[in-house]
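*Asks:* my_file17.cif is reproduced in full below (mmCIF, C-alpha atoms).
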```
data_my_file
loop_
_atom_site.label_atom_id
_atom_site.label_comp_id
_atom_site.auth_asym_id
_atom_site.auth_seq_id
_atom_site.Cartn_x
_atom_site.Cartn_y
_atom_site.Cartn_z
CA MET X 1 -29.17 -10.52 -107.80
CA ASP X 2 -32.96 -10.63 -107.92
CA VAL X 3 -34.10 -7.59 -105.84
CA LYS X 4 -37.50 -9.17 -105.28
CA SER X 5 -35.95 -12.30 -103.75
CA VAL X 6 -33.91 -10.16 -101.32
CA PHE X 7 -37.04 -8.46 -99.99
CA THR X 8 -38.84 -11.82 -99.79
CA LYS X 9 -35.98 -13.26 -97.76
CA LYS X 10 -36.09 -10.31 -95.35
CA THR X 11 -39.85 -10.77 -94.95
CA ASP X 12 -39.42 -14.49 -94.24
CA VAL X 13 -36.79 -13.78 -91.55
CA ALA X 14 -39.06 -11.21 -89.89
CA GLU X 15 -41.97 -13.65 -89.90
CA GLU X 16 -39.82 -16.42 -88.41
CA LYS X 17 -38.64 -14.07 -85.66
CA GLU X 18 -42.23 -13.07 -84.88
CA ILE X 19 -43.33 -16.71 -84.73
CA ARG X 20 -40.41 -17.54 -82.43
CA GLN X 21 -41.27 -14.57 -80.21
CA GLU X 22 -44.87 -15.72 -79.89
CA ARG X 23 -43.72 -19.25 -79.07
CA ALA X 24 -41.27 -17.97 -76.45
CA GLU X 25 -44.02 -15.91 -74.79
CA GLU X 26 -46.25 -18.99 -74.77
CA ILE X 27 -43.56 -21.19 -73.17
CA HIS X 28 -42.77 -18.57 -70.54
CA ALA X 29 -46.42 -18.07 -69.63
CA GLU X 30 -47.09 -21.81 -69.35
CA SER X 31 -44.00 -22.54 -67.22
CA ILE X 32 -43.56 -22.39 -63.48
CA VAL X 33 -40.70 -19.87 -63.29
CA ILE X 34 -38.29 -20.06 -60.34
CA ASP X 35 -35.24 -17.90 -59.67
CA GLY X 36 -33.14 -19.86 -57.21
CA HIS X 37 -31.01 -17.02 -55.85
CA GLN X 38 -31.54 -13.30 -55.32
CA GLY X 39 -29.85 -10.93 -52.87
CA THR X 40 -32.77 -8.48 -52.78
CA LEU X 41 -33.43 -8.99 -49.07
CA PHE X 42 -30.08 -7.38 -48.24
CA ASP X 43 -31.03 -4.13 -49.99
CA ILE X 44 -34.41 -4.10 -48.24
CA ALA X 45 -32.72 -4.67 -44.88
CA ARG X 46 -30.42 -1.71 -45.47
CA GLY X 47 -33.32 0.53 -46.47
CA ILE X 48 -31.94 1.14 -49.97
CA ARG X 49 -35.36 0.58 -51.55
CA LYS X 50 -38.81 -0.86 -50.96
CA PHE X 51 -39.81 -4.27 -52.22
CA ASP X 52 -43.30 -3.29 -53.40
CA GLU X 53 -42.15 -0.32 -55.51
CA GLU X 54 -40.46 -0.51 -58.90
CA SER X 55 -37.01 0.98 -58.63
CA SER X 56 -34.29 2.07 -61.00
CA VAL X 57 -31.84 0.73 -58.40
CA GLY X 58 -30.83 -2.92 -58.32
CA HIS X 59 -32.30 -5.78 -60.30
CA SER X 60 -35.44 -7.04 -58.58
CA ASP X 61 -38.60 -5.90 -56.80
CA LEU X 62 -42.22 -7.01 -56.83
CA PRO X 63 -43.28 -5.09 -59.99
CA ARG X 64 -40.28 -6.39 -61.93
CA LEU X 65 -40.77 -9.95 -60.64
CA ARG X 66 -44.31 -9.81 -62.01
CA GLN X 67 -43.07 -8.34 -65.28
CA GLY X 68 -40.62 -11.25 -65.57
CA GLY X 69 -43.34 -13.83 -64.94
CA VAL X 70 -41.58 -15.18 -61.85
CA ASP X 71 -43.66 -17.54 -59.72
CA CYS X 72 -41.06 -18.04 -56.99
CA ALA X 73 -37.91 -16.16 -56.06
CA VAL X 74 -35.51 -17.47 -53.44
CA PHE X 75 -34.45 -14.52 -51.28
CA THR X 76 -31.09 -15.20 -49.68
CA ALA X 77 -29.99 -13.47 -46.47
CA PHE X 78 -26.29 -12.70 -46.08
CA PRO X 79 -24.41 -12.36 -42.78
CA TYR X 80 -23.20 -8.83 -42.13
CA ASP X 81 -19.80 -10.18 -41.03
CA ARG X 82 -18.71 -13.40 -42.69
CA ILE X 83 -15.49 -14.23 -40.85
CA TRP X 84 -16.25 -15.64 -37.41
CA PRO X 85 -19.15 -13.25 -36.78
CA THR X 86 -20.63 -12.83 -33.35
CA ARG X 87 -24.36 -12.80 -32.72
CA GLY X 88 -25.12 -14.74 -35.91
CA VAL X 89 -28.42 -15.92 -34.48
CA LYS X 90 -29.46 -12.33 -33.86
CA GLN X 91 -28.80 -11.54 -37.50
CA GLY X 92 -30.73 -14.60 -38.61
CA LEU X 93 -33.76 -13.67 -36.55
CA GLU X 94 -33.66 -10.10 -37.86
CA TYR X 95 -33.75 -11.43 -41.42
CA ILE X 96 -36.62 -13.78 -40.61
CA ASP X 97 -38.55 -10.84 -39.16
CA LEU X 98 -37.93 -8.88 -42.38
CA PHE X 99 -38.92 -11.90 -44.50
CA GLU X 100 -42.22 -12.07 -42.61
CA GLU X 101 -42.89 -8.43 -43.45
CA VAL X 102 -42.06 -8.98 -47.13
CA VAL X 103 -44.45 -11.91 -47.51
CA LYS X 104 -47.29 -9.81 -46.05
CA THR X 105 -47.13 -7.65 -49.19
CA PRO X 106 -50.33 -7.97 -51.27
CA GLY X 107 -49.73 -10.30 -54.19
CA VAL X 108 -46.93 -12.18 -52.42
CA ARG X 109 -47.10 -15.72 -51.06
CA LYS X 110 -44.78 -17.22 -48.44
CA VAL X 111 -43.24 -20.43 -49.77
CA LEU X 112 -42.79 -23.31 -47.34
CA THR X 113 -43.65 -26.19 -49.69
CA THR X 114 -43.98 -26.64 -53.44
CA SER X 115 -47.76 -26.47 -53.11
CA ASP X 116 -47.26 -22.78 -52.22
CA ILE X 117 -45.42 -22.29 -55.53
CA GLU X 118 -48.24 -24.01 -57.42
CA GLU X 119 -50.79 -21.82 -55.68
CA ALA X 120 -48.80 -18.68 -56.46
CA ASN X 121 -48.75 -19.71 -60.11
CA LYS X 122 -52.52 -20.27 -60.14
CA GLN X 123 -53.34 -17.03 -58.34
CA GLY X 124 -50.94 -14.80 -60.25
CA GLU X 125 -48.88 -14.17 -57.12
CA VAL X 126 -45.14 -14.11 -56.53
CA GLY X 127 -43.87 -16.72 -54.10
CA ILE X 128 -40.89 -15.86 -51.92
CA MET X 129 -38.79 -18.57 -50.25
CA LEU X 130 -36.16 -17.87 -47.59
CA SER X 131 -32.57 -19.04 -47.86
CA PHE X 132 -29.57 -18.30 -45.63
CA GLY X 133 -26.36 -17.52 -47.49
CA GLY X 134 -23.94 -18.97 -44.98
CA GLY X 135 -23.75 -21.27 -41.96
CA GLU X 136 -22.63 -18.31 -39.84
CA PHE X 137 -26.27 -17.81 -38.86
CA ILE X 138 -26.28 -21.20 -37.14
CA GLU X 139 -23.23 -20.39 -35.01
CA SER X 140 -22.37 -23.76 -33.43
CA SER X 141 -25.79 -25.27 -32.83
CA VAL X 142 -27.77 -27.79 -34.86
CA GLU X 143 -30.71 -26.87 -32.63
CA THR X 144 -30.59 -23.40 -34.17
CA LEU X 145 -31.18 -24.93 -37.61
CA ARG X 146 -34.30 -26.65 -36.26
CA MET X 147 -35.55 -23.32 -34.93
CA TYR X 148 -34.91 -21.61 -38.26
CA TYR X 149 -36.80 -24.35 -40.08
CA ARG X 150 -39.84 -23.83 -37.86
CA LEU X 151 -39.61 -20.11 -38.67
CA GLY X 152 -39.59 -20.66 -42.43
CA LEU X 153 -36.02 -21.36 -43.60
CA ARG X 154 -36.00 -23.77 -46.56
CA MET X 155 -32.51 -23.50 -48.09
CA LEU X 156 -29.02 -23.13 -46.65
CA THR X 157 -25.76 -22.24 -48.38
CA LEU X 158 -23.13 -23.88 -46.18
CA THR X 159 -20.44 -21.22 -46.68
CA TRP X 160 -19.69 -18.04 -48.51
CA ASP X 161 -16.16 -17.87 -49.91
CA GLU X 162 -14.45 -17.91 -46.52
CA ARG X 163 -14.10 -20.57 -43.83
CA ASN X 164 -16.77 -20.93 -41.15
CA LEU X 165 -17.70 -23.46 -38.49
CA LEU X 166 -19.31 -25.77 -41.06
CA ALA X 167 -16.72 -25.92 -43.84
CA ASP X 168 -14.15 -24.14 -45.96
CA GLY X 169 -15.40 -21.82 -48.69
CA ALA X 170 -14.25 -21.55 -52.30
CA ALA X 171 -11.53 -19.03 -51.42
CA PHE X 172 -10.00 -21.63 -49.08
CA SER X 173 -9.89 -24.50 -51.59
CA ALA X 174 -6.08 -24.53 -51.42
CA SER X 175 -6.39 -25.81 -47.85
CA ARG X 176 -8.22 -28.88 -49.21
CA GLY X 177 -10.52 -28.61 -46.21
CA GLY X 178 -14.07 -29.84 -46.53
CA LEU X 179 -16.91 -30.20 -44.05
CA THR X 180 -16.20 -30.03 -40.34
CA PRO X 181 -17.87 -32.48 -37.93
CA LEU X 182 -20.47 -29.78 -37.26
CA GLY X 183 -20.93 -29.33 -41.00
CA VAL X 184 -21.67 -33.04 -41.36
CA LYS X 185 -24.27 -32.84 -38.57
CA VAL X 186 -25.90 -29.83 -40.22
CA LEU X 187 -25.99 -31.64 -43.57
CA GLU X 188 -27.66 -34.64 -41.98
CA GLU X 189 -30.17 -32.56 -40.00
CA ALA X 190 -31.03 -30.43 -43.02
CA GLY X 191 -31.87 -33.60 -44.95
CA ARG X 192 -34.05 -34.83 -42.10
CA LEU X 193 -35.89 -31.52 -41.69
CA GLY X 194 -36.37 -30.65 -45.34
CA VAL X 195 -33.87 -27.81 -45.77
CA LEU X 196 -32.27 -27.80 -49.23
CA ILE X 197 -28.46 -27.67 -49.10
CA ASP X 198 -26.71 -25.25 -51.46
CA VAL X 199 -23.06 -25.94 -52.35
CA SER X 200 -22.39 -22.68 -54.21
CA HIS X 201 -19.37 -20.95 -52.60
CA LEU X 202 -18.25 -24.22 -50.99
CA SER X 203 -14.67 -25.47 -51.34
CA GLU X 204 -14.14 -28.32 -53.78
CA ALA X 205 -13.30 -30.72 -50.94
CA GLY X 206 -16.51 -29.69 -49.20
CA PHE X 207 -18.44 -30.25 -52.40
CA TRP X 208 -17.23 -33.83 -52.63
CA ASP X 209 -18.04 -34.37 -48.95
CA VAL X 210 -21.63 -33.39 -49.72
CA VAL X 211 -21.67 -35.73 -52.72
CA ASP X 212 -20.51 -38.59 -50.50
CA LEU X 213 -22.76 -37.87 -47.52
CA ALA X 214 -26.01 -36.29 -48.76
CA GLU X 215 -29.01 -38.61 -48.76
CA VAL X 216 -31.27 -36.19 -50.67
CA PRO X 217 -30.62 -33.99 -53.73
CA PHE X 218 -28.65 -30.76 -53.28
CA VAL X 219 -28.09 -27.71 -55.49
CA ALA X 220 -25.50 -25.19 -56.54
CA SER X 221 -28.00 -22.35 -56.62
CA HIS X 222 -25.89 -19.76 -58.44
CA SER X 223 -22.80 -21.21 -60.11
CA ASN X 224 -21.47 -21.40 -63.65
CA CYS X 225 -19.22 -23.64 -65.73
CA HIS X 226 -15.47 -23.72 -65.08
CA ALA X 227 -14.85 -25.14 -68.55
CA LEU X 228 -16.14 -21.89 -70.08
CA PHE X 229 -14.66 -19.48 -67.54
CA ALA X 230 -12.07 -20.63 -65.01
CA HIS X 231 -13.32 -18.82 -61.92
CA PRO X 232 -12.89 -20.52 -58.50
CA ARG X 233 -16.66 -20.26 -57.93
CA ASN X 234 -17.52 -22.09 -61.13
CA LEU X 235 -18.07 -25.84 -61.30
CA THR X 236 -15.85 -28.31 -63.12
CA ASP X 237 -17.41 -30.82 -65.49
CA GLY X 238 -16.86 -33.48 -62.85
CA GLN X 239 -18.85 -31.46 -60.34
CA LEU X 240 -21.63 -30.76 -62.84
CA ALA X 241 -21.90 -34.46 -63.63
CA ALA X 242 -22.00 -35.33 -59.92
CA ILE X 243 -24.86 -32.89 -59.32
CA GLY X 244 -26.82 -34.54 -62.10
CA GLN X 245 -26.10 -38.04 -60.81
CA ALA X 246 -27.27 -36.98 -57.33
CA GLY X 247 -30.59 -35.73 -58.71
CA GLY X 248 -29.71 -32.13 -57.93
CA LEU X 249 -29.46 -28.94 -59.93
CA VAL X 250 -27.11 -26.13 -60.90
CA GLY X 251 -28.65 -22.68 -61.14
CA ILE X 252 -26.77 -20.70 -63.78
CA SER X 253 -25.87 -17.22 -62.54
CA LEU X 254 -26.07 -13.91 -64.40
CA ASN X 255 -23.32 -12.44 -62.21
CA PRO X 256 -20.64 -10.90 -64.51
CA GLU X 257 -17.88 -12.08 -62.15
CA TYR X 258 -18.67 -15.71 -62.99
CA LEU X 259 -19.22 -15.11 -66.72
CA THR X 260 -16.34 -12.92 -67.87
CA GLY X 261 -14.69 -11.43 -64.78
CA SER X 262 -14.32 -8.14 -66.63
CA GLU X 263 -15.81 -4.71 -66.12
CA GLU X 264 -17.57 -4.96 -69.46
CA PRO X 265 -21.10 -6.33 -69.01
CA PRO X 266 -21.51 -9.86 -70.35
CA THR X 267 -24.15 -10.74 -72.89
CA LEU X 268 -27.21 -12.91 -72.58
CA SER X 269 -25.68 -15.15 -75.22
CA GLN X 270 -22.77 -15.86 -72.85
CA VAL X 271 -25.23 -16.85 -70.12
CA VAL X 272 -26.90 -19.27 -72.51
CA ASP X 273 -23.50 -20.72 -73.40
CA HIS X 274 -23.17 -21.76 -69.74
CA ILE X 275 -26.71 -23.14 -69.69
CA MET X 276 -26.06 -25.22 -72.80
CA HIS X 277 -22.80 -26.58 -71.40
CA ALA X 278 -24.43 -27.47 -68.07
CA VAL X 279 -27.25 -29.24 -69.93
CA GLU X 280 -24.68 -31.25 -71.87
CA ILE X 281 -22.74 -32.33 -68.76
CA ALA X 282 -25.27 -32.45 -65.91
CA GLY X 283 -28.32 -33.31 -68.00
CA GLU X 284 -31.32 -31.31 -69.14
CA GLU X 285 -33.28 -32.08 -65.94
CA HIS X 286 -30.53 -30.72 -63.69
CA VAL X 287 -30.12 -27.12 -64.87
CA GLY X 288 -32.04 -24.04 -63.73
CA ILE X 289 -31.60 -20.35 -63.08
CA GLY X 290 -30.10 -18.66 -60.04
CA THR X 291 -29.67 -15.12 -61.33
CA ASP X 292 -27.72 -13.78 -58.33
CA PHE X 293 -29.56 -10.51 -59.00
CA ASP X 294 -29.02 -7.85 -56.33
CA SER X 295 -25.85 -9.61 -55.24
CA PHE X 296 -23.68 -7.59 -57.62
CA SER X 297 -23.53 -3.97 -58.73
CA GLY X 298 -24.20 -2.73 -62.24
CA SER X 299 -26.64 -4.24 -64.70
CA GLY X 300 -27.23 -7.82 -65.67
CA PRO X 301 -26.02 -9.26 -68.98
CA GLU X 302 -27.20 -7.22 -71.97
CA PRO X 303 -30.05 -7.02 -72.72
CA LEU X 304 -31.37 -8.91 -69.65
CA VAL X 305 -30.43 -6.17 -67.21
CA HIS X 306 -33.05 -6.92 -64.51
CA ILE X 307 -35.48 -9.68 -63.56
CA GLY X 308 -38.37 -8.05 -65.43
CA GLN X 309 -36.64 -8.93 -68.69
CA LEU X 310 -36.35 -12.65 -67.94
CA PRO X 311 -38.56 -13.61 -70.94
CA LEU X 312 -35.61 -12.59 -73.14
CA LEU X 313 -33.83 -15.68 -71.83
CA THR X 314 -36.70 -17.89 -72.97
CA TYR X 315 -36.44 -16.46 -76.47
CA GLU X 316 -32.67 -17.02 -76.57
CA LEU X 317 -33.04 -20.63 -75.39
CA LEU X 318 -35.64 -21.26 -78.07
CA GLU X 319 -33.37 -19.71 -80.69
CA ARG X 320 -30.60 -22.10 -79.61
CA GLY X 321 -32.83 -25.00 -80.58
CA LEU X 322 -34.04 -26.25 -77.20
CA SER X 323 -37.54 -27.70 -77.04
CA GLY X 324 -40.36 -26.11 -75.08
CA ARG X 325 -40.21 -28.98 -72.58
CA VAL X 326 -36.50 -28.50 -71.87
CA ILE X 327 -36.86 -24.71 -71.67
CA SER X 328 -39.74 -25.03 -69.22
CA GLY X 329 -37.55 -27.24 -67.03
CA ILE X 330 -34.72 -24.71 -67.07
CA LEU X 331 -37.10 -21.84 -66.25
CA GLY X 332 -38.34 -23.57 -63.13
CA GLY X 333 -39.58 -27.11 -63.63
CA ASN X 334 -36.24 -28.58 -62.60
CA TRP X 335 -36.10 -26.40 -59.48
CA PHE X 336 -39.65 -27.50 -58.67
CA ARG X 337 -38.70 -31.18 -58.88
CA VAL X 338 -35.72 -30.80 -56.55
CA LEU X 339 -37.67 -28.65 -54.10
CA ARG X 340 -40.51 -31.16 -54.01
CA ALA X 341 -38.04 -33.97 -53.29
CA VAL X 342 -36.49 -32.07 -50.36
CA ILE X 343 -38.90 -29.53 -48.82
CA GLY X 344 -42.11 -31.28 -49.85
#
```
Show me the file's structure as structure tokens.

*Replies:*
Amino acid sequence: MDVKSVFTKKTDVAEEKEIRQERAEEIHAESIVIDGHQGTLFDIARGIRKFDEESSVGHSDLPRLRQGGVDCAVFTAFPYDRIWPTRGVKQGLEYIDLFEEVVKTPGVRKVLTTSDIEEANKQGEVGIMLSFGGGEFIESSVETLRMYYRLGLRMLTLTWDERNLLADGAAFSASRGGLTPLGVKVLEEAGRLGVLIDVSHLSEAGFWDVVDLAEVPFVASHSNCHALFAHPRNLTDGQLAAIGQAGGLVGISLNPEYLTGSEEPPTLSQVVDHIMHAVEIAGEEHVGIGTDFDSFSGSGPEPLVHIGQLPLLTYELLERGLSGRVISGILGGNWFRVLRAVIG
């Protein structure tokens, strides 16, 4: 073997990697980057850490959001008690009060419309949008949803895994129960108000109810592909296709439970496998990111262990052969389109 040719080949590979790295950095910097699901608000509510200080705990905070080039993060509030909780409205108002404190942080912008995301991008700020991770907050009143909207709510996950007054969750799929009459009213009112409906955690019957009844696009903010890993929370190819046909979006999650289900941390490559499959089935304009960071313990998929390392995903997508346009859509452009169609 020609020794000189071996060294030349190694040099060429290194140069190609460097060029790809530069291109990935360029794509990431030019994109509007949106993470459609984070549980960070729950840690802040419990006093585990402060939002404006970089922490070695959890996956996301303001310094790491900036490091990751994130223009908008959807902070999702979770009910303290998910099975028939009492005083759900009290919990909802407490979270809204905390959300208002978070968005007062210097360098943070409250997101009510997509123009707020654009402005955050221009000003080098981090936009934060409020989502509720379960209809328990509404209790039994559509009027409560209207109040929440006026106070800043812009996305609603109908259920967690259990059953509530709106629908059955993914853990109740064997019941074949979908939306309740109240759930249908909430779906309709959310569409009228401009609250984006999230079908992650919803039973399969409930999912198809939303497909049949929704008049505006909806999302599965943090779900993966059942064809790659048969978890009850992951979406079948039929569901992925339906989301694409409805003009919606699936946000691929970095949660190990939905990637491998094992104690061993998944890899970034496995995350990208789910992204590529979702692109194939739902369509390139209907896939985004919903990391689910701070909703699970341990680190994220190696080496993307927290939100500050999100540019590693851009590099991996580029290495898989996706164009800059498609990557930019996955990073946030597709989320932006759906949000603009629903919240304005």

*Asks:* Would you give me, as CSV, each residue of stretch 168-257 of chain X having an atom within 10 Å of an atom of stretch 341-344 of chain X, along with its shortest atom pair and that distance in Å to one decimal, using all atoms listed in the file and sorting by chain and residue number?

*Replies:*
```
residue,atom,partner,partner_atom,distance
X:Ala190,CA,X:Val342,CA,9.3
X:Gly191,CA,X:Val342,CA,7.3
X:Arg192,CA,X:Val342,CA,9.0
X:Leu193,CA,X:Ile343,CA,8.0
X:Gly194,CA,X:Ile343,CA,4.4
X:Val195,CA,X:Ile343,CA,6.1
X:Leu196,CA,X:Val342,CA,6.1
X:Ile197,CA,X:Val342,CA,9.2
X:Val216,CA,X:Val342,CA,6.7
X:Pro217,CA,X:Val342,CA,7.0
X:Phe218,CA,X:Val342,CA,8.5
X:Gly247,CA,X:Ala341,CA,9.4
X:Gly248,CA,X:Ala341,CA,9.7
```

*Asks:* What residues come out when you apply the PyMOL selection byres ((chain X and resi 281) around 10) to this file, written as a list in words?

*Replies:*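 Here the PyMOL selection byres ((chain X and resi 281) around 10) matches Cys225, Thr236, Asp237, Gly238, Gln239, Leu240, Ala241, Ala242, Ile243, Gly244, Met276, His277, Ala278, Val279, Glu280, Ala282, Gly283, Glu284, His286 and Val287 of chain X.
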
*Asks:* For atom CA of X:Ser295 and atom CA of X:Trp160, determine how far apart the two atoms are, in Å to one decimal place.

*Replies:* 12.4 Å

*Asks:* Compare X:Glu257, X:Asp61, X:Glu316, X:Asp161 by their minimum atom-to-atom distance to X:Ile128, counting only C-alpha atoms, and give me the closest one.

*Replies:*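 Closest to X:Ile128 of all the choices is X:Asp61.
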
*Asks:* Pick out the closest residue to X:Leu318 from this set: X:Val305, X:Val272, X:Leu254, X:Ile96. Count only C-alpha atoms.

*Replies:*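 Of X:Val305, X:Val272, X:Leu254, X:Ile96, the one nearest X:Leu318, counting only C-alpha atoms, is X:Val272.
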
*Asks:* Mind pulling up the distance from atom CA of X:Glu136 to atom CA of X:Arg176?

*Replies:*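 Result for atom CA of X:Arg176 versus atom CA of X:Glu136: 20.2 Å, one decimal.
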
*Asks:* So how many Å separate atom CA of X:Leu268 and atom CA of X:Cys72, to one decimal?

*Replies:*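 Result for atom CA of X:Leu268 versus atom CA of X:Cys72: 21.5 Å, one decimal.
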
*Asks:* List the spatial neighbours of stretch 39-55 of chain X as a ChimeraX atom specification - criterion: any atom at most 10 Å away, only C-alpha atoms, same-chain residues fewer than 5 positions off excluded.

*Replies:* /X:60-65,73-80,94-95,98-99,102,105-108,130-131,133,291-296

*Asks:* May I have the protein, DNA and RNA residues with any atom at most 7 Å from the point (-41.1, -8.4, -63.8), counting all atoms listed in the file, written as a ChimeraX atom specification?

*Replies:* /X:63-69,307-309

*Asks:* In file coordinates, which residues lie within 10 Å of (-44.7, -29.9, -55.0) using all atoms listed in the file, given as a ChimeraX atom specification?

*Replies:* /X:113-118,336-344

*Asks:* Compile the contact shell of X:Leu93 as number ranges by chain: residues with an atom at most 12 Å away, counting only C-alpha atoms, same-chain residues fewer than 3 positions apart removed.

*Replies:* X: 77, 79, 87-90, 96-100, 132, 137-138, 144-145, 147-153

*Asks:* How about saving the chosen residues, C-alpha atoms kept, as an mmCIF file, in the coordinates of the input?

*Replies:*
```
data_model
loop_
_atom_site.group_PDB
_atom_site.id
_atom_site.type_symbol
_atom_site.label_atom_id
_atom_site.label_comp_id
_atom_site.auth_asym_id
_atom_site.auth_seq_id
_atom_site.Cartn_x
_atom_site.Cartn_y
_atom_site.Cartn_z
ATOM 1 C CA ALA X 77 -29.990 -13.470 -46.470
ATOM 2 C CA PRO X 79 -24.410 -12.360 -42.780
ATOM 3 C CA ARG X 87 -24.360 -12.800 -32.720
ATOM 4 C CA GLY X 88 -25.120 -14.740 -35.910
ATOM 5 C CA VAL X 89 -28.420 -15.920 -34.480
ATOM 6 C CA LYS X 90 -29.460 -12.330 -33.860
ATOM 7 C CA ILE X 96 -36.620 -13.780 -40.610
ATOM 8 C CA ASP X 97 -38.550 -10.840 -39.160
ATOM 9 C CA LEU X 98 -37.930 -8.880 -42.380
ATOM 10 C CA PHE X 99 -38.920 -11.900 -44.500
ATOM 11 C CA GLU X 100 -42.220 -12.070 -42.610
ATOM 12 C CA PHE X 132 -29.570 -18.300 -45.630
ATOM 13 C CA PHE X 137 -26.270 -17.810 -38.860
ATOM 14 C CA ILE X 138 -26.280 -21.200 -37.140
ATOM 15 C CA THR X 144 -30.590 -23.400 -34.170
ATOM 16 C CA LEU X 145 -31.180 -24.930 -37.610
ATOM 17 C CA MET X 147 -35.550 -23.320 -34.930
ATOM 18 C CA TYR X 148 -34.910 -21.610 -38.260
ATOM 19 C CA TYR X 149 -36.800 -24.350 -40.080
ATOM 20 C CA ARG X 150 -39.840 -23.830 -37.860
ATOM 21 C CA LEU X 151 -39.610 -20.110 -38.670
ATOM 22 C CA GLY X 152 -39.590 -20.660 -42.430
ATOM 23 C CA LEU X 153 -36.020 -21.360 -43.600
#
```

*Asks:* Written as a ChimeraX atom specification, what is the full residue list that the PyMOL selection byres ((chain X and resi 220) around 7) yields on the file shown?

*Replies:* /X:198-200,219,221-223,249-251

*Asks:* Would you kindly return, as a list in words, each protein, DNA or RNA residue with an atom no farther than 10 Å from any atom of X:Leu317, considering all atoms listed in the file and excluding same-chain residues fewer than 6 positions away?

*Replies:*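 Surrounding residues, per the criterion: Ala24, Ser269, Val272, Asp273, Ile275, Met276, Pro311, Ser323, Gly324, Val326, Ile327 and Ile330 of chain X.
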
*Asks:* So, counting only C-alpha atoms, which residue among X:Ile27, X:Arg146, X:His274, X:Lys17 is closest to X:His226?

*Replies:*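 Checking each of X:Ile27, X:Arg146, X:His274, X:Lys17 against X:His226, counting only C-alpha atoms, the winner is X:His274.
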
*Asks:* Which of these, X:Glu285, X:Gly206, X:Gly124, X:Pro232, has the shortest distance to X:Leu259 once you count only C-alpha atoms?

*Replies:* X:Pro232

*Asks:* My list of candidates is X:Thr180, X:Ser299, X:Ser328, X:Gln270. Which is closest to X:Val57 when distances are computed with only C-alpha atoms?

*Replies:*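 Using only C-alpha atoms, the shortest distance to X:Val57 belongs to X:Ser299.
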
*Asks:* Quick check on the file I pasted: which residues fall under the PyMOL selection byres ((chain X and resi 181) around 12)? Write them as a PDB file with C-alpha atoms, keeping the file's coordinate frame.

*Replies:*
```pdb
ATOM      1  CA  SER X 140     -22.370 -23.760 -33.430  1.00  0.00           C
ATOM      2  CA  SER X 141     -25.790 -25.270 -32.830  1.00  0.00           C
ATOM      3  CA  VAL X 142     -27.770 -27.790 -34.860  1.00  0.00           C
ATOM      4  CA  LEU X 165     -17.700 -23.460 -38.490  1.00  0.00           C
ATOM      5  CA  LEU X 166     -19.310 -25.770 -41.060  1.00  0.00           C
ATOM      6  CA  ALA X 167     -16.720 -25.920 -43.840  1.00  0.00           C
ATOM      7  CA  GLY X 177     -10.520 -28.610 -46.210  1.00  0.00           C
ATOM      8  CA  GLY X 178     -14.070 -29.840 -46.530  1.00  0.00           C
ATOM      9  CA  LEU X 179     -16.910 -30.200 -44.050  1.00  0.00           C
ATOM     10  CA  THR X 180     -16.200 -30.030 -40.340  1.00  0.00           C
ATOM     11  CA  LEU X 182     -20.470 -29.780 -37.260  1.00  0.00           C
ATOM     12  CA  GLY X 183     -20.930 -29.330 -41.000  1.00  0.00           C
ATOM     13  CA  VAL X 184     -21.670 -33.040 -41.360  1.00  0.00           C
ATOM     14  CA  LYS X 185     -24.270 -32.840 -38.570  1.00  0.00           C
ATOM     15  CA  VAL X 186     -25.900 -29.830 -40.220  1.00  0.00           C
ATOM     16  CA  LEU X 187     -25.990 -31.640 -43.570  1.00  0.00           C
ATOM     17  CA  GLU X 188     -27.660 -34.640 -41.980  1.00  0.00           C
ATOM     18  CA  GLY X 206     -16.510 -29.690 -49.200  1.00  0.00           C
ATOM     19  CA  ASP X 209     -18.040 -34.370 -48.950  1.00  0.00           C
TER      20      ASP X 209
END
```

*Asks:* Which residues come within 7 Å of X:Glu302, counting all atoms listed in the file, excluding same-chain residues fewer than 6 positions away, as a PyMOL selection string?

*Replies:* chain X and resi 265-268
